[in-house]
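Colleague: I'd like to ask you about the structure that follows.
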Amino acid sequence: MIRILLIFILLSVPAFGADELHLYNWNNYIAKETVDRFEAYCKCRVIQDYYSDNEELLAKLAAGARGYDILVPTGNALASLVRQDALLRLDKKLLPNLKNINPAYLNTPFDPGNRYSVPYAYTVTLIGYNVEKMRQLGLPTDTWAVIFDPKYLARVKGRVTVLDSQRELMAAALKYLGYSANDTIESHWDRAMRVILRAKPYWAAFNSSSYIKELTVGNIWLVHGYSNDMFQAQNDARAAKRKFTLGFSIPKEGAVLALDNMVIHKYASRPDLAHKFINFMLDGKNSSELTNMIGSGNPNLAALKYIEPEIAANPAIFPGKEELKKLEMLQDLNMEQRRVLNRIWIKIKIE
Amino acid sequence: MGKNLGKWLISGPPVLYLVVFFVIPTLIMVLASFRYPGEYGGLAPIMRHDASGAHINLTLESYQEYFSDFIYSWLFLKTLAYAVITTFFCLVMAYPLALLIAKSARKYRDLLVLLVILPFWSNFLIRIYAWMIILGPQSVFSQLLNGFLGLFGIDPVRLLFTPFAVVVCLIYVQLPFMVLPLYANLEKHDPALLDAAQDLGANGWQRFWRVTFPLSLPGIYAGIALVFIPVLGIFAVPDILGGTRGIMIGNLIKQEFLEARDWPFGSALSIVLTVSAMIIVGLAALAARRRVGRDV
């Protein structure tokens with residue numbers, strides 16, 4: 001009996017070593033007060049590590065990274081992780097707060113039945129702009145044409161940036177042409193490439209890292225980027241008392257919605273704490289703090305009443321039923337498609 | 001025997017370090033460049049099993065891809081051009097500076113060298129971001145320049161997000177790597193040689209060109225190698241300052257590993273880059289040796 005006990009203790013030592021939850025999350029993607037409260041609640045420490053895009057997350061895991069409990073991948077990266085069998089199945093009994101999630105964001109093609117994932121927050125890839133400049137130049141702000149059509153671009157030459165992302169830029173061009181963001185027909189990709197190449201001379205840069213600052217400073221007037229970032233730029237410009245205001249809107253052709261999900265890594269050392277964390281984050285108030293901080297979209301219905309009214313009323317952050325229908329989540333491409341797209345992208349970048 | 005043991009004990013750890021963290025990874029990369037990409041990134045298994053048994057799953061596909069389209073070589077040549085321009089300007093700017101430091105009074109030299117390496121105290125990325133501000137359209141520099149051009153009726157120029165911005169920042173980042181080896185070399189020159197040359201009737205230019213310059217060639221080669229080779233692989237500078245036209249081969253390699261998740265092609269690109277850099281450096285060393293041989 002004692003021997004069995006000893007073995008049990010020995011086995012459990014590595015798994016229940018320190019009371020630490022390792023969270024591998026996007027940069028600036030959880031409010032500090034939320035973390036503090038969780039630490040007090042679980043009597044544990046949250047160790048955070050950050051990534052700046054899904055590719056970084058996938059590359060790191062593919063290279064064999066271990067030691068993370070919770071990851072927060074976007075839809076297509078989630079699908080990739082599910083197929084690689086890299087995730088732990090969730091125990092729904094431990095997640096009573098799952099009922100708070102808007103069913104529209106559950107049961108996505110990336111993880112049917114949400115066996116591995118729970119929605120965390122979302123962003124929309126849209127256009128952000130300098131409101132006064134757009135008005136002065138008579139440019140529309142409700143269509144991708146303003147990013148892609150030389151007729152409009154001629155007026156903002158050198159003042160536009162687009163995302164430095166193969167999938168996002170391609171999706172925007174496909175949407176502009178009236179195709180699905182997930183279209184993989186090569187002739188459609190080819191058309192999209194030509195649209196991009198035609199517009200490229202008018203763009204200042206492919207920029208995913210500093211467009212918030214460029215918008216806020218007033219160097220750039222029109223950008224293709226993420227709703228969270230636009231929210232931040234808008235607040236920054238207001239705080240800096242700029243003479244202009246920044247706005248953002250979802251183009252009428254539709255756009256990409258990126259739903260980030262909490263998942264537990266297969267090699268998590270503390271699945272118990274991980275479940276606790278997920279359930280904690282599904283609580284309305286805890287979930288609302290992120291939205292109030294960075295203006296992220298929130299799939300949690302119980303969070304709405306805690307969200308600042310100005311944010312809750314912004315259709316680019318909380319799209320209505322009609323707009324929601326036009327938003328698409330990007331699906332993962334297979335290796336062949338990735339190679340084709342990559343070649344197109346190299347042409348776009350070098351030509 | 002005891003002497004040999006001591007030699008091994010001292011040189012063993014660094015050799016081991018290089019083998020483990022340089023030789024082996026390089027070999028892994030060479031192997032990776034002949035493999036197929038995995039469906040979700042990473043690499044496909046080396047052995048493939050099907051009905052007819054096990055097959056070795058290797059391919060030349062990645063290299064074929066490189067040579068199938070001139071676009072890759074073009075980007076490579078462009079990167080090379082950036083590296084040559086950067087190295088040239090670093091040399092032209094660093095040489096007088098290194099000479100000045102080497103000739104200044106001994107008590108100031110350490111301070112001057114310290115000033116050269118001072119930028120290293122702030123983070124590389126922060127220094128690049130600083131250039132974003134310096135070259136941005138709202139900056140004092142841009143406004144002065146465009147105001148000046150305006151006097152002659154020339155349209156304002158955009159500095160940020162151009163190949164110009166990339167090269168300027170590359171020169172800035174790499175300059176200390178040229179100054180330091182040049183200084184280390186120039187500082188050791190024996191002043192008696194210059195006196196002797198003067199006694200023999202050499203004027204100032206002749207003393208420099210026939211004495212100082214040939215003696216400093218090893219420093220120049222070291223500086224060129226330290227500047228040229230890192231520039232070939234750099235990706236952060238073009239990423240941040242390059243705009244729509246500034247990308248270099250390093251960006252493409254990074255893109256293959258991260259966004260495209262095509263490790264074999266990324267490895268193949270790295271190898272083409274490494275081999276080309278080795279050939280260029282080898283040719284330069286050969287030319288240098290021949291030149292030195294002729295001069296002596």
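Going by the structure tokens order, chains are called A, B, ..., each with residues numbered from 1, while ligands are numbered from 1 in the order shown.
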Which residues are close to Leu60 in chain B, i.e. within 9 Å by only C-alpha atoms, leaving aside same-chain residues fewer than 6 positions away? Reply as JSON, numbers by chain.
Modeller: {"B": [33, 34, 35]}
Colleague: Restrict the selected residues to C-alpha atoms and save them as a PDB file, in the first residue's frame.
Modeller:
ATOM      1  CA  SER B  33      16.284  21.451 -48.247  1.00  0.00           C
ATOM      2  CA  PHE B  34      15.957  18.057 -49.934  1.00  0.00           C
ATOM      3  CA  ARG B  35      12.850  17.009 -48.046  1.00  0.00           C
TER       4      ARG B  35
END
Colleague: Set the cut-off to 8 Å and count only C-alpha atoms: what are the residues of chain A that reach chain B? Output as a PDB file with C-alpha atoms, in the first residue's frame.
Modeller:
ATOM      1  CA  GLU A  55       2.491  31.390 -37.945  1.00  0.00           C
ATOM      2  CA  GLU A  56       4.842  32.112 -35.089  1.00  0.00           C
ATOM      3  CA  LEU A  58       2.500  27.096 -35.248  1.00  0.00           C
ATOM      4  CA  ALA A  59       6.168  27.294 -36.133  1.00  0.00           C
ATOM      5  CA  ALA A  62       6.062  22.457 -34.892  1.00  0.00           C
ATOM      6  CA  ALA A  63       9.633  22.911 -33.695  1.00  0.00           C
ATOM      7  CA  SER A  80      -4.254  22.927 -38.070  1.00  0.00           C
ATOM      8  CA  GLN A  84      -2.079  17.553 -35.877  1.00  0.00           C
ATOM      9  CA  SER A 165      -0.041  39.063 -44.861  1.00  0.00           C
ATOM     10  CA  GLN A 166      -0.616  36.732 -47.786  1.00  0.00           C
ATOM     11  CA  LYS A 200       0.569  48.423 -55.343  1.00  0.00           C
ATOM     12  CA  PRO A 201       2.270  51.503 -56.844  1.00  0.00           C
ATOM     13  CA  TRP A 203       0.555  51.986 -51.529  1.00  0.00           C
ATOM     14  CA  ALA A 204       3.284  53.231 -49.225  1.00  0.00           C
ATOM     15  CA  ALA A 205       4.027  49.879 -47.637  1.00  0.00           C
ATOM     16  CA  PHE A 206       2.957  46.405 -46.678  1.00  0.00           C
ATOM     17  CA  ASN A 207       2.714  47.073 -43.005  1.00  0.00           C
ATOM     18  CA  SER A 209       3.520  46.281 -37.397  1.00  0.00           C
ATOM     19  CA  ASN A 219       1.540  60.106 -41.957  1.00  0.00           C
ATOM     20  CA  ASN A 334      -3.224  22.698 -47.829  1.00  0.00           C
ATOM     21  CA  MET A 335       0.433  22.516 -48.729  1.00  0.00           C
ATOM     22  CA  ARG A 338       0.074  27.378 -49.793  1.00  0.00           C
ATOM     23  CA  ARG A 339       2.843  26.940 -52.346  1.00  0.00           C
ATOM     24  CA  ASN A 342       3.269  31.853 -51.786  1.00  0.00           C
ATOM     25  CA  ILE A 346       6.505  36.594 -53.987  1.00  0.00           C
ATOM     26  CA  LYS A 347       5.486  38.046 -57.361  1.00  0.00           C
ATOM     27  CA  LYS A 349       6.301  41.560 -53.274  1.00  0.00           C
ATOM     28  CA  ILE A 350       9.080  41.644 -55.853  1.00  0.00           C
TER      29      ILE A 350
END
Colleague: Please, which residues of range 177-293 of chain A, numbered as in this document, come out strand (DSSP E) from DSSP, as a ChimeraX atom specification?
Modeller: /A:205-206,222-226,246-249,255-264
Colleague: Could those residues be written to a file, using C-alpha atoms, as a tab-separated table (two decimals), in the first residue's frame?
Modeller:
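See selection05.tsv below for the written result:
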chain	number	residue	atom	x	y	z
A	205	ALA	CA	4.03	49.88	-47.64
A	206	PHE	CA	2.96	46.41	-46.68
A	222	LEU	CA	-5.94	54.88	-45.05
A	223	VAL	CA	-5.01	51.40	-43.88
A	224	HIS	CA	-6.04	47.79	-44.24
A	225	GLY	CA	-5.78	46.33	-40.77
A	226	TYR	CA	-7.43	44.79	-37.73
A	246	LEU	CA	-9.77	58.18	-36.93
A	247	GLY	CA	-12.58	55.90	-37.98
A	248	PHE	CA	-12.95	52.32	-39.15
A	249	SER	CA	-15.61	50.37	-40.92
A	255	ALA	CA	-14.46	40.99	-44.71
A	256	VAL	CA	-12.49	38.47	-42.72
A	257	LEU	CA	-13.46	37.68	-39.16
A	258	ALA	CA	-10.75	36.10	-37.06
A	259	LEU	CA	-12.06	34.23	-34.06
A	260	ASP	CA	-9.44	33.45	-31.45
A	261	ASN	CA	-10.02	30.43	-29.28
A	262	MET	CA	-8.75	29.15	-26.00
A	263	VAL	CA	-7.36	25.63	-26.28
A	264	ILE	CA	-5.31	23.36	-24.05
Colleague: Give me the residues near Tyr36 in chain B as JSON, numbers by chain, where near means some atom within 8 Å (using only C-alpha atoms) and where sequence neighbours in that chain fewer than 2 positions away do not count.
Modeller: {"B": [32, 34, 38, 43, 44, 45, 57, 58, 59, 264]}
Colleague: Within 7 Å of range 303-305 of chain A, counting only C-alpha atoms, which residues qualify if same-chain residues fewer than 3 places away don't, as a list in words?
Modeller: Gly284, Lys285, Ser287, Ser288 and Asn300 of chain A
Colleague: Assign secondary structure with DSSP using the backbone only, and return the residues of range 71-292 of chain A in alpha helix (DSSP H) as number ranges by chain.
Modeller: A: 75-83, 131-137, 145-148, 150-153, 166-176, 186-199, 211-217, 227-239, 271-281, 284-292
Colleague: Can I get the selection written as a short mmCIF file (atom, residue, chain, number, x, y, z; two decimals), in the first residue's frame, with C-alpha atoms?
Modeller:
data_model
loop_
_atom_site.label_atom_id
_atom_site.label_comp_id
_atom_site.auth_asym_id
_atom_site.auth_seq_id
_atom_site.Cartn_x
_atom_site.Cartn_y
_atom_site.Cartn_z
CA GLY A 75 -9.61 29.63 -36.47
CA ASN A 76 -7.38 28.32 -39.26
CA ALA A 77 -4.46 27.75 -36.92
CA LEU A 78 -6.86 25.96 -34.57
CA ALA A 79 -7.89 23.62 -37.39
CA SER A 80 -4.25 22.93 -38.07
CA LEU A 81 -3.61 22.09 -34.42
CA VAL A 82 -6.69 19.87 -34.24
CA ARG A 83 -5.58 17.88 -37.28
CA VAL A 131 -11.98 60.84 -41.22
CA GLU A 132 -11.20 64.44 -42.22
CA LYS A 133 -8.84 63.46 -45.06
CA MET A 134 -11.33 61.01 -46.50
CA ARG A 135 -14.02 63.67 -46.45
CA GLN A 136 -11.70 66.29 -48.00
CA LEU A 137 -10.66 63.95 -50.79
CA ALA A 145 -12.45 49.77 -53.82
CA VAL A 146 -10.82 52.60 -51.91
CA ILE A 147 -7.84 50.31 -51.25
CA PHE A 148 -7.75 48.64 -54.67
CA PRO A 150 -6.64 53.36 -58.87
CA LYS A 151 -9.52 55.78 -59.48
CA TYR A 152 -9.63 56.42 -55.73
CA LEU A 153 -6.05 55.55 -54.91
CA GLN A 166 -0.62 36.73 -47.79
CA ARG A 167 -3.97 35.49 -46.62
CA GLU A 168 -5.40 38.77 -45.41
CA LEU A 169 -4.50 40.83 -48.45
CA MET A 170 -5.60 38.08 -50.81
CA ALA A 171 -8.89 37.76 -48.92
CA ALA A 172 -9.51 41.50 -49.20
CA ALA A 173 -8.83 41.42 -52.94
CA LEU A 174 -11.04 38.36 -53.39
CA LYS A 175 -13.84 40.04 -51.45
CA TYR A 176 -13.42 43.14 -53.58
CA GLU A 186 -6.37 29.65 -59.26
CA SER A 187 -7.91 31.88 -61.92
CA HIS A 188 -9.59 33.86 -59.15
CA TRP A 189 -6.31 34.14 -57.29
CA ASP A 190 -4.76 35.32 -60.49
CA ARG A 191 -7.37 38.06 -60.88
CA ALA A 192 -6.84 39.07 -57.27
CA MET A 193 -3.11 39.22 -57.86
CA ARG A 194 -3.62 41.55 -60.80
CA VAL A 195 -5.87 43.77 -58.70
CA ILE A 196 -3.14 43.93 -56.05
CA LEU A 197 -0.36 44.61 -58.54
CA ARG A 198 -2.40 47.39 -60.13
CA ALA A 199 -2.92 49.03 -56.74
CA TYR A 211 0.35 51.23 -39.02
CA ILE A 212 -1.29 52.15 -35.72
CA LYS A 213 1.44 54.70 -35.11
CA GLU A 214 1.46 55.93 -38.71
CA LEU A 215 -2.31 56.53 -38.60
CA THR A 216 -2.10 58.21 -35.22
CA VAL A 217 0.72 60.52 -36.28
CA SER A 227 -10.34 46.28 -35.80
CA ASN A 228 -8.45 46.04 -32.47
CA ASP A 229 -5.60 48.07 -33.86
CA MET A 230 -7.95 50.68 -35.30
CA PHE A 231 -9.60 50.99 -31.91
CA GLN A 232 -6.22 51.58 -30.33
CA ALA A 233 -5.20 54.11 -33.01
CA GLN A 234 -8.49 55.94 -32.54
CA ASN A 235 -7.94 56.18 -28.79
CA ASP A 236 -4.30 57.18 -29.20
CA ALA A 237 -5.17 59.97 -31.62
CA ARG A 238 -7.82 61.22 -29.21
CA ALA A 239 -5.42 61.07 -26.26
CA PRO A 271 -4.97 20.70 -17.53
CA ASP A 272 -6.82 21.25 -14.23
CA LEU A 273 -5.73 24.89 -13.99
CA ALA A 274 -6.25 25.31 -17.73
CA HIS A 275 -9.92 24.31 -17.44
CA LYS A 276 -10.30 26.61 -14.47
CA PHE A 277 -8.82 29.44 -16.51
CA ILE A 278 -11.07 28.85 -19.50
CA ASN A 279 -14.19 28.78 -17.35
CA PHE A 280 -13.00 31.92 -15.58
CA MET A 281 -12.51 33.72 -18.88
CA GLY A 284 -19.19 37.82 -18.53
CA LYS A 285 -17.30 40.38 -16.47
CA ASN A 286 -13.90 38.77 -16.93
CA SER A 287 -14.48 38.50 -20.65
CA SER A 288 -15.64 42.12 -20.95
CA GLU A 289 -12.37 43.52 -19.59
CA LEU A 290 -10.44 42.62 -22.71
CA THR A 291 -13.02 44.28 -24.95
CA ASN A 292 -12.97 47.44 -22.85
#
Colleague: So how far away is CA of Lys254 in chain B from CA of Phe235 in chain B, in Å?
Modeller: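 Answer for the CA of Phe235 in chain B to CA of Lys254 in chain B separation: 7.7 Å.
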Colleague: Can you pull out the residues contacting range 185-197 of chain B? Cut-off 9 Å, using only C-alpha atoms, and skip same-chain residues under 3 positions away; I want them as a PyMOL selection string.
Modeller: chain B and resi 98-99+101-103+180-182+200-203+206-208+210-212+215-220
Colleague: Would you kindly return, as a PyMOL selection string, each protein, DNA or RNA residue with an atom no farther than 9 Å from any atom of Glu253 in chain A, considering only C-alpha atoms and excluding same-chain residues fewer than 5 positions away?
Modeller: chain A and resi 142-144+175-178+326
